[in-house]
file target.txt (compact mmCIF, C-alpha atoms)
# COMPACT_ATOMS: atom_id res chain seq x y z
CA MET N 1 94.43 27.27 207.77
CA SER N 2 94.41 28.82 211.24
CA VAL N 3 96.51 27.30 214.00
CA SER N 4 93.32 26.18 215.78
CA GLU N 5 92.08 24.42 212.64
CA LYS N 6 95.47 22.75 212.27
CA ILE N 7 95.29 21.46 215.87
CA VAL N 8 91.80 20.02 215.30
CA GLN N 9 92.96 18.46 212.04
CA ASP N 10 95.87 16.75 213.82
CA PHE N 11 93.56 15.53 216.60
CA LYS N 12 91.26 13.95 213.99
CA ALA N 13 94.14 12.46 212.02
CA ASN N 14 95.15 10.70 215.24
CA ASP N 15 91.61 9.39 215.92
CA ILE N 16 91.04 11.69 218.89
CA SER N 17 87.26 11.85 219.25
CA PHE N 18 86.70 12.82 222.91
CA VAL N 19 87.99 16.17 224.13
CA THR N 20 87.43 17.82 227.48
CA THR N 21 88.20 21.48 228.04
CA VAL N 22 88.51 24.05 230.79
CA PRO N 23 88.71 27.48 229.19
CA CYS N 24 91.54 30.00 228.97
CA LYS N 25 91.50 33.23 226.97
CA GLN N 26 94.43 31.96 224.88
CA LEU N 27 92.55 28.72 224.10
CA ALA N 28 89.23 30.29 223.11
CA GLY N 29 89.83 29.78 219.37
CA VAL N 30 90.79 26.12 219.58
CA ILE N 31 87.92 25.37 222.00
CA ASP N 32 85.51 26.94 219.49
CA ALA N 33 87.02 24.80 216.73
CA ILE N 34 86.64 21.63 218.85
CA GLU N 35 83.02 22.52 219.65
CA ALA N 36 82.27 23.13 215.98
CA ASP N 37 83.65 19.78 214.81
CA GLU N 38 80.96 17.09 214.68
CA SER N 39 83.35 14.15 214.74
CA ILE N 40 84.70 15.15 218.17
CA TYR N 41 82.63 14.78 221.35
CA HIS N 42 83.35 17.97 223.28
CA ILE N 43 82.64 17.71 227.01
CA PRO N 44 83.51 20.81 229.02
CA SER N 45 84.56 19.94 232.58
CA ASN N 46 84.28 22.04 235.71
CA LYS N 47 87.74 21.19 236.97
CA GLU N 48 90.72 19.65 235.23
CA ASP N 49 90.98 16.56 237.46
CA GLU N 50 87.35 15.80 236.66
CA GLY N 51 88.29 16.12 232.98
CA MET N 52 91.14 13.66 233.41
CA GLY N 53 88.67 11.19 234.97
CA LEU N 54 86.38 11.59 231.95
CA CYS N 55 89.35 11.03 229.63
CA ALA N 56 90.43 7.89 231.53
CA GLY N 57 86.91 6.48 231.15
CA ALA N 58 86.68 7.38 227.47
CA PHE N 59 90.03 5.70 226.81
CA MET N 60 88.92 2.49 228.53
CA GLY N 61 85.68 2.67 226.56
CA GLY N 62 87.66 2.65 223.32
CA LYS N 63 88.02 6.31 222.37
CA ARG N 64 91.16 8.38 222.14
CA PRO N 65 90.85 11.38 224.48
CA ALA N 66 92.59 14.73 224.94
CA ILE N 67 92.39 17.53 227.48
CA ILE N 68 92.74 21.26 226.81
CA MET N 69 93.51 23.37 229.88
CA GLN N 70 95.63 26.14 231.42
CA ASN N 71 98.98 25.58 233.13
CA THR N 72 97.52 26.83 236.42
CA ALA N 73 95.69 23.47 236.53
CA ILE N 74 98.92 21.51 237.00
CA GLY N 75 98.58 22.14 240.73
CA VAL N 76 95.11 20.62 241.06
CA THR N 77 95.80 17.64 238.79
CA ILE N 78 99.05 16.21 240.18
CA ASN N 79 97.31 13.52 242.25
CA THR N 80 95.12 12.50 239.30
CA LEU N 81 98.04 12.43 236.85
CA VAL N 82 100.05 10.24 239.22
CA THR N 83 97.42 7.88 240.69
CA LEU N 84 95.14 7.50 237.67
CA THR N 85 96.70 8.41 234.32
CA GLN N 86 100.24 7.23 235.07
CA TYR N 87 99.47 4.46 237.58
CA TYR N 88 97.08 2.70 235.16
CA ARG N 89 99.27 3.59 232.16
CA MET N 90 96.86 5.61 230.07
CA PRO N 91 97.68 8.01 227.23
CA LEU N 92 96.59 11.63 227.60
CA PRO N 93 97.60 14.47 225.30
CA MET N 94 97.40 17.71 227.29
CA LEU N 95 97.22 20.88 225.21
CA ILE N 96 98.08 23.53 227.79
CA SER N 97 98.01 27.30 227.55
CA TYR N 98 101.28 28.48 229.07
CA ARG N 99 100.20 31.62 230.85
CA GLY N 100 102.74 33.87 232.54
CA GLU N 101 105.27 33.84 229.69
CA LEU N 102 106.46 36.72 227.44
CA GLY N 103 103.53 38.96 226.53
CA GLU N 104 101.60 38.15 229.71
CA PRO N 105 99.69 41.14 231.10
CA VAL N 106 98.54 39.52 234.36
CA ALA N 107 101.38 39.42 236.91
CA CYS N 108 99.87 36.65 239.02
CA GLN N 109 100.06 34.24 236.07
CA VAL N 110 103.87 34.40 236.26
CA GLU N 111 103.76 32.86 239.74
CA MET N 112 102.53 29.54 238.31
CA ALA N 113 104.54 29.84 235.08
CA VAL N 114 107.82 29.69 237.01
CA HIS N 115 106.81 26.33 238.49
CA THR N 116 105.18 24.78 235.42
CA LYS N 117 108.15 23.08 233.74
CA ALA N 118 109.70 22.04 237.06
CA LEU N 119 106.48 20.32 238.15
CA LEU N 120 106.08 18.53 234.81
CA ALA N 121 109.73 17.43 234.97
CA GLN N 122 109.27 16.17 238.54
CA LEU N 123 106.29 14.11 237.33
CA ASN N 124 108.34 12.63 234.44
CA ILE N 125 105.81 13.98 231.97
CA PRO N 126 107.27 14.45 228.46
CA THR N 127 106.91 18.17 227.79
CA TYR N 128 107.02 20.23 224.58
CA HIS N 129 106.95 24.02 224.41
CA PHE N 130 105.34 25.72 221.40
CA HIS N 131 106.69 29.29 221.15
CA LYS N 132 106.46 30.05 217.42
CA GLU N 133 103.40 29.34 215.30
CA SER N 134 105.44 26.96 213.13
CA ASP N 135 106.05 24.76 216.20
CA VAL N 136 102.55 23.36 215.62
CA GLU N 137 104.08 21.26 212.84
CA GLU N 138 105.37 18.92 215.55
CA LEU N 139 101.92 18.26 217.08
CA ASP N 140 101.13 15.27 214.87
CA SER N 141 104.33 13.50 215.97
CA ILE N 142 103.67 14.35 219.62
CA LEU N 143 100.18 12.83 219.44
CA LYS N 144 101.52 9.65 217.84
CA TYR N 145 104.21 9.50 220.54
CA THR N 146 101.57 9.89 223.29
CA PHE N 147 99.46 6.96 222.10
CA MET N 148 102.58 4.89 221.44
CA CYS N 149 103.90 5.19 225.02
CA ASN N 150 100.59 5.38 226.97
CA LYS N 151 101.65 8.39 229.02
CA PRO N 152 100.31 11.85 229.73
CA VAL N 153 102.25 14.27 227.50
CA ALA N 154 102.22 18.06 227.89
CA VAL N 155 102.26 20.61 225.07
CA LEU N 156 102.79 24.09 226.52
CA THR N 157 101.56 26.84 224.21
CA ASP N 158 102.59 30.38 225.13
CA ALA N 159 101.27 33.81 224.14
CA SER N 160 103.83 34.18 221.32
CA PHE N 161 102.56 30.91 219.80
CA TRP N 162 98.99 32.21 219.85
CA ASN N 163 100.13 35.59 218.45
CA GLY N 164 99.32 37.42 221.64
CA TYR N 165 97.25 37.18 224.78
CA MET L 1 72.41 -1.88 256.60
CA ILE L 2 75.98 -0.80 255.96
CA ARG L 3 77.76 -0.51 252.59
CA SER L 4 79.28 -4.01 252.56
CA GLU L 5 75.83 -5.56 253.15
CA ILE L 6 74.41 -3.55 250.23
CA LEU L 7 77.28 -4.63 247.99
CA LYS L 8 76.60 -8.28 248.90
CA GLU L 9 72.91 -7.82 248.01
CA ILE L 10 73.60 -6.21 244.63
CA ALA L 11 76.62 -8.35 243.65
CA PRO L 12 74.46 -10.73 241.52
CA ILE L 13 73.10 -7.68 239.62
CA LEU L 14 76.53 -6.09 239.18
CA ARG L 15 78.15 -9.31 237.96
CA ASP L 16 77.17 -8.87 234.29
CA GLN L 17 77.68 -5.09 234.20
CA LEU L 18 80.64 -2.78 233.76
CA VAL L 19 81.35 -1.33 237.20
CA ILE L 20 83.60 1.57 238.21
CA CYS L 21 84.14 1.25 241.94
CA ASN L 22 85.15 4.02 244.30
CA ILE L 23 88.55 4.19 246.01
CA GLY L 24 89.22 2.57 249.37
CA LEU L 25 86.84 0.29 251.22
CA PRO L 26 84.11 0.15 248.52
CA SER L 27 86.58 -1.31 246.00
CA GLN L 28 88.16 -3.59 248.61
CA GLU L 29 84.74 -4.88 249.69
CA LEU L 30 83.49 -5.47 246.14
CA HIS L 31 86.78 -7.18 245.30
CA MET L 32 86.36 -9.51 248.29
CA ILE L 33 82.65 -10.20 247.70
CA ASP L 34 82.72 -10.90 243.95
CA ASP L 35 85.84 -10.02 241.94
CA GLN L 36 85.01 -9.73 238.22
CA PRO L 37 87.08 -8.58 235.22
CA THR L 38 84.21 -6.16 234.51
CA ASN L 39 85.04 -4.35 237.76
CA PHE L 40 87.38 -1.37 237.55
CA TYR L 41 88.79 -0.77 241.02
CA MET L 42 90.06 2.70 241.84
CA LEU L 43 93.26 2.41 243.84
CA GLY L 44 93.73 6.17 244.16
CA THR L 45 92.23 9.48 243.02
CA MET L 46 89.33 10.20 245.36
CA GLY L 47 86.24 11.62 243.74
CA LEU L 48 86.54 10.50 240.14
CA ALA L 49 84.44 7.29 240.03
CA SER L 50 81.49 9.17 238.52
CA SER L 51 83.69 10.96 235.96
CA ILE L 52 85.43 7.77 234.85
CA GLY L 53 82.09 5.97 234.61
CA LEU L 54 80.53 8.73 232.52
CA GLY L 55 83.56 8.65 230.22
CA VAL L 56 83.23 4.90 229.69
CA ALA L 57 79.48 5.25 229.09
CA LEU L 58 79.88 8.03 226.52
CA ALA L 59 82.58 6.08 224.64
CA GLN L 60 80.67 2.82 224.11
CA ASP L 61 77.15 1.36 224.32
CA LYS L 62 77.26 -1.12 227.21
CA LYS L 63 75.73 -0.26 230.58
CA VAL L 64 78.10 1.29 233.12
CA ILE L 65 77.47 1.55 236.86
CA SER L 66 79.64 3.84 238.98
CA ILE L 67 79.56 2.96 242.66
CA ASP L 68 80.36 6.18 244.46
CA GLY L 69 80.08 7.54 247.98
CA ASP L 70 78.69 10.72 249.45
CA GLY L 71 82.17 11.88 250.50
CA SER L 72 83.57 11.30 247.01
CA VAL L 73 80.71 13.14 245.31
CA LEU L 74 81.27 16.05 247.69
CA THR L 75 84.97 15.98 246.71
CA ASN L 76 84.11 16.21 242.99
CA PHE L 77 80.87 18.21 243.12
CA GLY L 78 81.43 19.56 239.60
CA THR L 79 80.66 16.09 238.29
CA LEU L 80 76.88 16.42 238.75
CA PRO L 81 76.36 19.31 236.26
CA THR L 82 78.62 17.52 233.78
CA ILE L 83 76.57 14.33 234.11
CA ALA L 84 73.28 16.25 233.84
CA ASN L 85 74.34 18.03 230.66
CA ASN L 86 75.94 15.02 228.93
CA VAL L 87 73.18 12.43 229.10
CA ALA L 88 74.34 8.84 228.61
CA ASN L 89 71.36 6.51 228.93
CA ASN L 90 73.71 3.58 229.58
CA PHE L 91 75.03 5.24 232.75
CA ILE L 92 73.94 4.70 236.35
CA LEU L 93 75.52 6.53 239.26
CA LEU L 94 74.90 4.70 242.52
CA ILE L 95 75.82 6.93 245.45
CA VAL L 96 76.10 4.91 248.66
CA ASP L 97 75.24 7.72 251.06
CA ASN L 98 76.19 6.71 254.58
CA GLY L 99 76.82 10.27 255.74
CA SER L 100 80.45 9.58 256.47
CA TYR L 101 83.96 9.26 255.08
CA GLY L 102 84.05 5.49 255.62
CA SER L 103 87.57 4.68 254.41
CA THR L 104 89.20 7.24 256.68
CA GLY L 105 87.44 6.42 259.95
CA ASP L 106 83.79 7.40 259.55
CA GLN L 107 84.20 11.14 259.96
CA PRO L 108 80.80 12.76 259.26
CA THR L 109 80.14 14.36 255.84
CA TYR L 110 77.81 17.26 255.16
CA SER L 111 75.42 14.91 253.35
CA GLY L 112 74.64 13.38 256.74
CA LYS L 113 73.78 16.86 257.98
CA LYS L 114 71.93 19.60 256.08
CA THR L 115 72.99 18.78 252.49
CA SER L 116 70.80 16.51 250.37
CA LEU L 117 72.67 14.95 247.44
CA THR L 118 69.30 14.03 245.92
CA ALA L 119 68.26 17.69 245.89
CA VAL L 120 71.68 18.77 244.60
CA ALA L 121 71.59 16.25 241.74
CA LYS L 122 68.12 17.45 240.76
CA ALA L 123 69.18 21.10 240.99
CA CYS L 124 72.13 20.31 238.71
CA GLY L 125 69.68 19.13 236.07
CA CYS L 126 69.81 15.35 236.48
CA GLU L 127 66.45 14.06 235.31
CA ASN L 128 66.12 10.65 236.95
CA VAL L 129 67.19 10.90 240.56
CA VAL L 130 65.95 8.17 242.91
CA GLU L 131 66.55 8.24 246.66
CA CYS L 132 66.06 4.91 248.38
CA GLN L 133 66.69 3.11 251.64
CA ALA L 134 69.45 0.51 251.75
CA GLU L 135 67.04 -2.45 251.74
CA ASP L 136 65.45 -1.31 248.47
CA THR L 137 68.73 -0.92 246.56
CA PRO L 138 68.62 -4.20 244.56
CA ALA L 139 65.12 -3.46 243.21
CA VAL L 140 65.90 0.20 242.49
CA LEU L 141 69.18 -0.68 240.74
CA GLN L 142 67.54 -3.39 238.63
CA ALA L 143 64.76 -0.97 237.65
CA ALA L 144 67.35 1.63 236.62
CA ILE L 145 69.16 -0.95 234.47
CA ASP L 146 65.89 -1.99 232.84
CA SER L 147 64.78 1.61 232.22
CA ASP L 148 67.53 2.42 229.69
CA GLN L 149 67.67 5.90 231.12
CA MET L 150 70.55 7.61 232.86
CA THR L 151 69.76 7.36 236.57
CA ILE L 152 71.29 8.74 239.75
CA ILE L 153 70.52 6.58 242.79
CA VAL L 154 71.12 7.98 246.26
CA CYS L 155 71.07 5.03 248.62
CA LYS L 156 70.72 6.10 252.25
CA CYS L 157 72.39 3.67 254.62
CA GLU L 158 74.22 3.39 257.92
CA SER L 159 77.93 4.05 258.26
CA GLY L 160 80.25 1.23 259.21
CA ASN L 161 82.94 -0.99 257.76
CA VAL L 162 84.02 -4.62 257.76
CA LYS L 163 87.59 -5.87 257.94
CA VAL L 164 88.83 -6.35 254.41
CA PRO L 165 92.24 -6.82 252.78
CA VAL L 166 93.73 -4.21 250.43
CA ILE L 167 93.76 -4.92 246.70
CA THR L 168 97.23 -6.02 245.61
CA MET L 169 96.37 -6.53 241.93
CA ASP L 170 98.52 -4.40 239.61
CA PRO L 171 96.64 -1.35 238.26
CA VAL L 172 97.59 -2.16 234.67
CA VAL L 173 96.12 -5.67 235.12
CA ILE L 174 92.87 -4.16 236.46
CA ARG L 175 92.72 -1.77 233.51
CA ASP L 176 93.68 -4.38 230.92
CA ARG L 177 91.14 -7.01 231.95
CA PHE L 178 88.45 -4.31 232.22
CA MET L 179 89.17 -3.11 228.67
CA LYS L 180 89.27 -6.66 227.33
CA SER L 181 85.92 -7.42 228.92
CA ILE L 182 84.45 -4.33 227.24
CA ALA L 183 85.78 -5.54 223.90
CA THR L 184 84.50 -9.12 224.28
CA GLN L 185 81.43 -8.88 226.50
CA ALA L 186 78.19 -9.62 224.62
call {"tool": "encode", "arguments": {"input": "target.txt", "output": "structure tokens"}}
result
Amino acid sequence: MSVSEKIVQDFKANDISFVTTVPCKQLAGVIDAIEADESIYHIPSNKEDEGMGLCAGAFMGGKRPAIIMQNTAIGVTINTLVTLTQYYRMPLPMLISYRGELGEPVACQVEMAVHTKALLAQLNIPTYHFHKESDVEELDSILKYTFMCNKPVAVLTDASFWNGY
Amino acid sequence: MIRSEILKEIAPILRDQLVICNIGLPSQELHMIDDQPTNFYMLGTMGLASSIGLGVALAQDKKVISIDGDGSVLTNFGTLPTIANNVANNFILLIVDNGSYGSTGDQPTYSGKKTSLTAVAKACGCENVVECQAEDTPAVLQAAIDSDQMTIIVCKCESGNVKVPVITMDPVVIRDRFMKSIATQA
């Protein structure tokens, strides 16, 4: 099973049926796998804060949501994370491509990478960092934890995890 | 007519529906006029009323009405293509278009100038876009509810605000009673 298939399998095992995505080259495989799965409603969003609004609505409507996005989006979603997701106490698994780490070819991506963990820590968002492919084994527990505590939870996935950029 | 007068007129129609209400004065006015557990008041996060409403509509079958403003739609312009391409026939987006940022002191928006939100919504691919004058809003909203088709209503009205208290209800209480009313409402 590919790592993307494993992620989709864990989503489904945790009743996640509404997934919004903003693309990243590293996430192309998992986005394809989400799109291909008929039991998950895949709704691409134009900006990550819009996606978090969709997820908040889907959660209140009775579905378990998730967002797939790039770490560069942390900057544009801080207000939404704080005043919507956290303020109303809603769960939100965030599968995040961690651009700007080892193996990164685009220098500008490093500029956001150096702030990523500090920003998530400042926001009191539980954060996990997948660096080796075997780290995916923890995803199921992280998803259960997210829906247990009703918080946004970040899973940073770097280039080494995805076996390259 | 200004926004608060429109909200008063449509309150009897909204009463039995799930409503996502925009941040600031729109939520405060609706809360003062007719507070209902089926109302989800946004206390923060400008721009996302339409996105939250679409999410609720896609996740369950009951009708959902998002009450938005021209300024908020301009803030989250990407919402219109997403709505157009993810049709939920239980979703109505009511844009109260007064050509101004009402909650922050009635600064003019571009929708009061050259930009037509009706034309933008159509260009984004929304199929049922109705522009109306403030006085016609109750009839247009009721027709949209009865049509069982996703509808975008752009309600042109005057800018202006009434004095209204802030909402002090806890956000988790707002969210909890809204979710319970979804689960129990016939």
call {"tool": "closest_residue", "arguments": {"input": "target.txt", "among": "N:Thr72, N:Gln122, N:Asn150, N:Thr116", "to": "chain L", "atoms": "only C-alpha atoms"}}
result
N:Asn150
call {"tool": "closest_atom_pairs", "arguments": {"input": "target.txt", "of": "chain N", "to": "chain L", "cutoff": "12 Å", "atoms": "only C-alpha atoms", "output": "Markdown table"}}
result
| residue | atom | partner | partner_atom | distance |
| --- | --- | --- | --- | --- |
| N:Ile16 | CA | L:Ala59 | CA | 11.7 |
| N:Ser17 | CA | L:Ala59 | CA | 9.2 |
| N:Phe18 | CA | L:Ala59 | CA | 8.1 |
| N:Val19 | CA | L:Gly55 | CA | 10.6 |
| N:Thr20 | CA | L:Gly55 | CA | 10.3 |
| N:Thr21 | CA | L:Thr82 | CA | 11.8 |
| N:Ile40 | CA | L:Ala59 | CA | 11.3 |
| N:Tyr41 | CA | L:Leu58 | CA | 8.9 |
| N:His42 | CA | L:Asn86 | CA | 9.8 |
| N:Ile43 | CA | L:Asn86 | CA | 7.5 |
| N:Pro44 | CA | L:Thr82 | CA | 7.6 |
| N:Ser45 | CA | L:Thr82 | CA | 6.5 |
| N:Asn46 | CA | L:Gly78 | CA | 5.4 |
| N:Lys47 | CA | L:Gly78 | CA | 7.0 |
| N:Glu48 | CA | L:Gly78 | CA | 10.3 |
| N:Asp49 | CA | L:Leu48 | CA | 8.0 |
| N:Glu50 | CA | L:Ser51 | CA | 6.1 |
| N:Gly51 | CA | L:Ser51 | CA | 7.5 |
| N:Met52 | CA | L:Ser51 | CA | 8.3 |
| N:Gly53 | CA | L:Ile52 | CA | 4.7 |
| N:Leu54 | CA | L:Gly55 | CA | 4.4 |
| N:Cys55 | CA | L:Gly55 | CA | 6.3 |
| N:Ala56 | CA | L:Ile52 | CA | 6.0 |
| N:Gly57 | CA | L:Gly55 | CA | 4.1 |
| N:Ala58 | CA | L:Gly55 | CA | 4.3 |
| N:Phe59 | CA | L:Val56 | CA | 7.4 |
| N:Met60 | CA | L:Met179 | CA | 5.6 |
| N:Gly61 | CA | L:Val56 | CA | 4.6 |
| N:Gly62 | CA | L:Ala59 | CA | 6.3 |
| N:Lys63 | CA | L:Ala59 | CA | 5.9 |
| N:Arg64 | CA | L:Ala59 | CA | 9.2 |
| N:Pro65 | CA | L:Gly55 | CA | 9.7 |
| N:Val76 | CA | L:Thr45 | CA | 11.7 |
| N:Thr77 | CA | L:Thr45 | CA | 9.9 |
| N:Ile78 | CA | L:Thr45 | CA | 10.0 |
| N:Asn79 | CA | L:Thr45 | CA | 6.5 |
| N:Thr80 | CA | L:Thr45 | CA | 5.6 |
| N:Leu81 | CA | L:Thr45 | CA | 9.0 |
| N:Val82 | CA | L:Thr45 | CA | 8.7 |
| N:Thr83 | CA | L:Gly44 | CA | 5.3 |
| N:Leu84 | CA | L:Thr45 | CA | 6.4 |
| N:Thr85 | CA | L:Thr45 | CA | 9.8 |
| N:Gln86 | CA | L:Val172 | CA | 9.8 |
| N:Tyr87 | CA | L:Pro171 | CA | 6.5 |
| N:Tyr88 | CA | L:Val172 | CA | 4.9 |
| N:Arg89 | CA | L:Val172 | CA | 6.5 |
| N:Met90 | CA | L:Val172 | CA | 9.1 |
| N:Asn150 | CA | L:Val172 | CA | 11.2 |
call {"tool": "atom_distance", "arguments": {"input": "target.txt", "atom1": "CA of Thr109 in chain L", "atom2": "CA of Asp70 in chain L"}}
result
7.5 Å
call {"tool": "atom_distance", "arguments": {"input": "target.txt", "atom1": "CA of Thr146 in chain N", "atom2": "CA of Leu123 in chain N"}}
result
15.4 Å
call {"tool": "residues_near_point", "arguments": {"input": "target.txt", "point": "(71.0, -4.5, 247.5)", "cutoff": "12 Å", "atoms": "only C-alpha atoms", "output": "ChimeraX atom specification"}}
result
/L:1-14,94,96,132-142,155-157
call {"tool": "atom_distance", "arguments": {"input": "target.txt", "atom1": "CA of Gly105 in chain L", "atom2": "CA of Ala121 in chain L"}}
result
26.1 Å
call {"tool": "axis_aligned_box", "arguments": {"input": "target.txt", "around": "range 23-38 of chain N", "padding_each_side": "4 Å", "output": "JSON"}}
result
{"center_x": 87.7, "center_y": 25.2, "center_z": 221.9, "size_x": 21.5, "size_y": 24.1, "size_z": 22.5}
call {"tool": "residues_around", "arguments": {"input": "target.txt", "residues": "Val166 in chain L", "least_positions_apart": "3", "cutoff": "9 Å", "atoms": "all atoms listed in the file", "output": "list in words"}}
result
Gly24, Leu25, Ser27 and Gln28 of chain L
call {"tool": "closest_residue", "arguments": {"input": "target.txt", "among": "N:Met1, N:Ile68, N:Val30, N:Ala159", "to": "Lys132 in chain N", "atoms": "all atoms listed in the file"}}
result
N:Ala159
call {"tool": "closest_residue", "arguments": {"input": "target.txt", "among": "N:Asp32, N:Pro91, N:Val8, N:Gly75", "to": "Lys144 in chain N", "atoms": "all atoms listed in the file"}}
result
N:Pro91
call {"tool": "residues_near_point", "arguments": {"input": "target.txt", "point": "(95.0, 18.8, 211.6)", "cutoff": "12 Å", "atoms": "only C-alpha atoms", "output": "number ranges by chain"}}
result
N: 1-16, 30, 33-34, 37, 136-141, 143
call {"tool": "closest_residue", "arguments": {"input": "target.txt", "among": "L:Ile153, L:Val73, L:Val129, L:Ala143", "to": "Thr115 in chain L", "atoms": "only C-alpha atoms"}}
result
L:Val73
call {"tool": "residues_around", "arguments": {"input": "target.txt", "residues": "range 93-95 of chain N", "least_positions_apart": "5", "cutoff": "6 Å", "atoms": "only C-alpha atoms", "output": "list in words"}}
result
Ala66, Ile67, Ile68, Pro152, Val153, Ala154 and Val155 of chain N
call {"tool": "write_last_selection", "arguments": {"input": "target.txt", "atoms": "C-alpha atoms", "output": "PDB file, keeping the file's coordinate frame"}}
result
ATOM      1  CA  ALA N  66      92.590  14.730 224.940  1.00  0.00           C
ATOM      2  CA  ILE N  67      92.390  17.530 227.480  1.00  0.00           C
ATOM      3  CA  ILE N  68      92.740  21.260 226.810  1.00  0.00           C
ATOM      4  CA  PRO N 152     100.310  11.850 229.730  1.00  0.00           C
ATOM      5  CA  VAL N 153     102.250  14.270 227.500  1.00  0.00           C
ATOM      6  CA  ALA N 154     102.220  18.060 227.890  1.00  0.00           C
ATOM      7  CA  VAL N 155     102.260  20.610 225.070  1.00  0.00           C
TER       8      VAL N 155
END
call {"tool": "residues_around", "arguments": {"input": "target.txt", "residues": "Ala144 in chain L", "least_positions_apart": "2", "cutoff": "10 Å", "atoms": "all atoms listed in the file", "output": "PyMOL selection string"}}
result
chain L and resi 89-93+128+130+138-142+146-153
call {"tool": "closest_residue", "arguments": {"input": "target.txt", "among": "L:Asp97, L:Ser103, L:Ser111, L:Glu158", "to": "Glu131 in chain L", "atoms": "only C-alpha atoms"}}
result
L:Asp97
call {"tool": "build_atoms", "arguments": {"input": "target.txt", "residues": "range 17-35 of chain N", "atoms": "N, CA and C atoms", "output": "JSON list (two decimals), keeping the file's coordinate frame"}}
result
[["chain", "number", "residue", "atom", "x", "y", "z"],
["N", 17, "SER", "N", 88.68, 11.57, 219.47],
["N", 17, "SER", "CA", 87.26, 11.85, 219.25],
["N", 17, "SER", "C", 86.54, 12.25, 220.53],
["N", 18, "PHE", "N", 87.30, 12.46, 221.61],
["N", 18, "PHE", "CA", 86.70, 12.82, 222.91],
["N", 18, "PHE", "C", 87.61, 13.86, 223.55],
["N", 19, "VAL", "N", 87.14, 15.08, 223.63],
["N", 19, "VAL", "CA", 87.99, 16.17, 224.13],
["N", 19, "VAL", "C", 87.28, 16.91, 225.25],
["N", 20, "THR", "N", 87.96, 17.03, 226.38],
["N", 20, "THR", "CA", 87.43, 17.82, 227.48],
["N", 20, "THR", "C", 88.22, 19.12, 227.59],
["N", 21, "THR", "N", 87.55, 20.17, 228.00],
["N", 21, "THR", "CA", 88.20, 21.48, 228.04],
["N", 21, "THR", "C", 87.82, 22.25, 229.31],
["N", 22, "VAL", "N", 88.78, 23.01, 229.81],
["N", 22, "VAL", "CA", 88.51, 24.05, 230.79],
["N", 22, "VAL", "C", 89.08, 25.32, 230.16],
["N", 23, "PRO", "N", 88.30, 26.37, 230.06],
["N", 23, "PRO", "CA", 88.71, 27.48, 229.19],
["N", 23, "PRO", "C", 89.87, 28.33, 229.71],
["N", 24, "CYS", "N", 90.52, 28.97, 228.74],
["N", 24, "CYS", "CA", 91.54, 30.00, 228.97],
["N", 24, "CYS", "C", 91.39, 30.95, 227.79],
["N", 25, "LYS", "N", 91.65, 32.24, 228.04],
["N", 25, "LYS", "CA", 91.50, 33.23, 226.97],
["N", 25, "LYS", "C", 92.34, 32.84, 225.75],
["N", 26, "GLN", "N", 93.55, 32.35, 226.00],
["N", 26, "GLN", "CA", 94.43, 31.96, 224.88],
["N", 26, "GLN", "C", 93.86, 30.78, 224.10],
["N", 27, "LEU", "N", 93.03, 29.95, 224.74],
["N", 27, "LEU", "CA", 92.55, 28.72, 224.10],
["N", 27, "LEU", "C", 91.17, 28.89, 223.48],
["N", 28, "ALA", "N", 90.61, 30.09, 223.55],
["N", 28, "ALA", "CA", 89.23, 30.29, 223.11],
["N", 28, "ALA", "C", 89.02, 29.83, 221.67],
["N", 29, "GLY", "N", 89.98, 30.13, 220.79],
["N", 29, "GLY", "CA", 89.83, 29.78, 219.37],
["N", 29, "GLY", "C", 89.82, 28.28, 219.15],
["N", 30, "VAL", "N", 90.72, 27.57, 219.80],
["N", 30, "VAL", "CA", 90.79, 26.12, 219.58],
["N", 30, "VAL", "C", 89.59, 25.42, 220.24],
["N", 31, "ILE", "N", 89.12, 25.97, 221.37],
["N", 31, "ILE", "CA", 87.92, 25.37, 222.00],
["N", 31, "ILE", "C", 86.71, 25.55, 221.08],
["N", 32, "ASP", "N", 86.59, 26.72, 220.46],
["N", 32, "ASP", "CA", 85.51, 26.94, 219.49],
["N", 32, "ASP", "C", 85.60, 25.94, 218.33],
["N", 33, "ALA", "N", 86.82, 25.71, 217.87],
["N", 33, "ALA", "CA", 87.02, 24.80, 216.73],
["N", 33, "ALA", "C", 86.68, 23.36, 217.12],
["N", 34, "ILE", "N", 87.00, 22.98, 218.36],
["N", 34, "ILE", "CA", 86.64, 21.63, 218.85],
["N", 34, "ILE", "C", 85.12, 21.50, 218.92],
["N", 35, "GLU", "N", 84.48, 22.53, 219.49],
["N", 35, "GLU", "CA", 83.02, 22.52, 219.65],
["N", 35, "GLU", "C", 82.32, 22.43, 218.29]]
